[in-house]
Amino acid sequence: MQTILVELKNQKAYRLLKELEDLQLIRLVKVPTKLSALRKQVKTPMAETEIDKQLTELRSEWQRDI
């Protein structure tokens, strides 16, 4: 048995792999992503003030039924 790492480009690819798993041709193994690895994927780093501004805007869009 051989293990390979595949980077999926869209959701259709995941569905195809899931169908192969259902046919018992492959087994999907999810590997947790470390936070440090995610930081390296950021193309344009944001300043703290920009992040805070964006979070405030996103939170104001949420509907709260409390």
# chains A, B, ... in the order shown; residues from 1 in each chain; ligands from 1

$ residues_around --residues "segment 9-20 of chain A" --least-positions-apart "5" --cutoff "12 Å" --atoms "only C-alpha atoms" --output "list of chain:residue names"
A:Leu25, A:Ile26, A:Arg27, A:Leu28, A:Val29, A:Lys30

$ select_by_dssp --residues "chain A" --states "helix (DSSP H, G or I)" --output "ChimeraX atom specification"
/A:11-22,35-40,48-61

$ write_last_selection --atoms "N, CA and C atoms" --output "compact mmCIF listing (two decimals), in the first residue's frame"
# COMPACT_ATOMS: atom_id res chain seq x y z
N GLN A 11 -14.21 21.38 -5.10
CA GLN A 11 -15.05 20.45 -4.35
C GLN A 11 -15.41 19.21 -5.16
N LYS A 12 -15.47 19.34 -6.48
CA LYS A 12 -15.81 18.18 -7.32
C LYS A 12 -14.77 17.08 -7.18
N ALA A 13 -13.52 17.46 -7.05
CA ALA A 13 -12.45 16.48 -6.88
C ALA A 13 -12.64 15.70 -5.58
N TYR A 14 -13.06 16.38 -4.53
CA TYR A 14 -13.30 15.69 -3.25
C TYR A 14 -14.44 14.69 -3.39
N ARG A 15 -15.51 15.08 -4.07
CA ARG A 15 -16.64 14.18 -4.27
C ARG A 15 -16.21 12.92 -5.04
N LEU A 16 -15.36 13.10 -6.05
CA LEU A 16 -14.87 11.95 -6.81
C LEU A 16 -14.06 11.01 -5.92
N LEU A 17 -13.20 11.59 -5.09
CA LEU A 17 -12.40 10.77 -4.18
C LEU A 17 -13.29 10.05 -3.17
N LYS A 18 -14.32 10.75 -2.71
CA LYS A 18 -15.25 10.14 -1.76
C LYS A 18 -15.97 8.95 -2.40
N GLU A 19 -16.35 9.07 -3.68
CA GLU A 19 -16.98 7.96 -4.39
C GLU A 19 -16.02 6.77 -4.52
N LEU A 20 -14.75 7.04 -4.78
CA LEU A 20 -13.75 5.96 -4.85
C LEU A 20 -13.61 5.28 -3.49
N GLU A 21 -13.73 6.05 -2.43
CA GLU A 21 -13.66 5.47 -1.10
C GLU A 21 -14.89 4.60 -0.84
N ASP A 22 -16.05 5.06 -1.27
CA ASP A 22 -17.28 4.27 -1.10
C ASP A 22 -17.19 2.94 -1.84
N LEU A 35 -1.14 25.38 12.09
CA LEU A 35 -1.38 26.80 11.90
C LEU A 35 -0.20 27.47 11.21
N SER A 36 1.01 27.04 11.51
CA SER A 36 2.18 27.63 10.89
C SER A 36 2.19 27.39 9.38
N ALA A 37 1.68 26.25 8.96
CA ALA A 37 1.61 25.96 7.53
C ALA A 37 0.60 26.86 6.84
N LEU A 38 -0.50 27.16 7.52
CA LEU A 38 -1.50 28.04 6.95
C LEU A 38 -0.97 29.46 6.80
N ARG A 39 -0.17 29.90 7.75
CA ARG A 39 0.38 31.27 7.69
C ARG A 39 1.28 31.45 6.47
N LYS A 40 1.97 30.40 6.07
CA LYS A 40 2.86 30.48 4.92
C LYS A 40 2.09 30.64 3.62
N GLU A 48 -2.74 44.49 12.00
CA GLU A 48 -3.73 44.20 13.03
C GLU A 48 -4.97 45.08 12.90
N THR A 49 -4.77 46.33 12.55
CA THR A 49 -5.92 47.24 12.43
C THR A 49 -6.83 46.82 11.28
N GLU A 50 -6.24 46.35 10.19
CA GLU A 50 -7.05 45.89 9.06
C GLU A 50 -7.84 44.64 9.44
N ILE A 51 -7.20 43.74 10.18
CA ILE A 51 -7.88 42.52 10.62
C ILE A 51 -9.04 42.88 11.54
N ASP A 52 -8.79 43.77 12.50
CA ASP A 52 -9.85 44.19 13.42
C ASP A 52 -11.01 44.83 12.68
N LYS A 53 -10.70 45.67 11.70
CA LYS A 53 -11.75 46.33 10.92
C LYS A 53 -12.59 45.30 10.17
N GLN A 54 -11.93 44.34 9.54
CA GLN A 54 -12.64 43.31 8.79
C GLN A 54 -13.50 42.45 9.71
N LEU A 55 -12.97 42.09 10.88
CA LEU A 55 -13.75 41.30 11.83
C LEU A 55 -14.98 42.05 12.31
N THR A 56 -14.82 43.33 12.57
CA THR A 56 -15.94 44.16 13.00
C THR A 56 -17.02 44.21 11.93
N GLU A 57 -16.61 44.36 10.67
CA GLU A 57 -17.57 44.40 9.57
C GLU A 57 -18.30 43.06 9.44
N LEU A 58 -17.56 41.96 9.53
CA LEU A 58 -18.18 40.64 9.41
C LEU A 58 -19.15 40.37 10.56
N ARG A 59 -18.76 40.75 11.75
CA ARG A 59 -19.62 40.51 12.91
C ARG A 59 -20.89 41.34 12.83
N SER A 60 -20.81 42.53 12.27
CA SER A 60 -22.00 43.36 12.17
C SER A 60 -23.01 42.80 11.15
N GLU A 61 -22.54 41.94 10.25
CA GLU A 61 -23.42 41.32 9.27
C GLU A 61 -24.20 40.14 9.83

$ atom_distance --atom1 "atom CA of Gln2 of chain A" --atom2 "atom CA of Gln41 of chain A"
27.1 Å

$ atom_distance --atom1 "atom CA of Glu7 of chain A" --atom2 "atom CA of Met46 of chain A"
25.4 Å
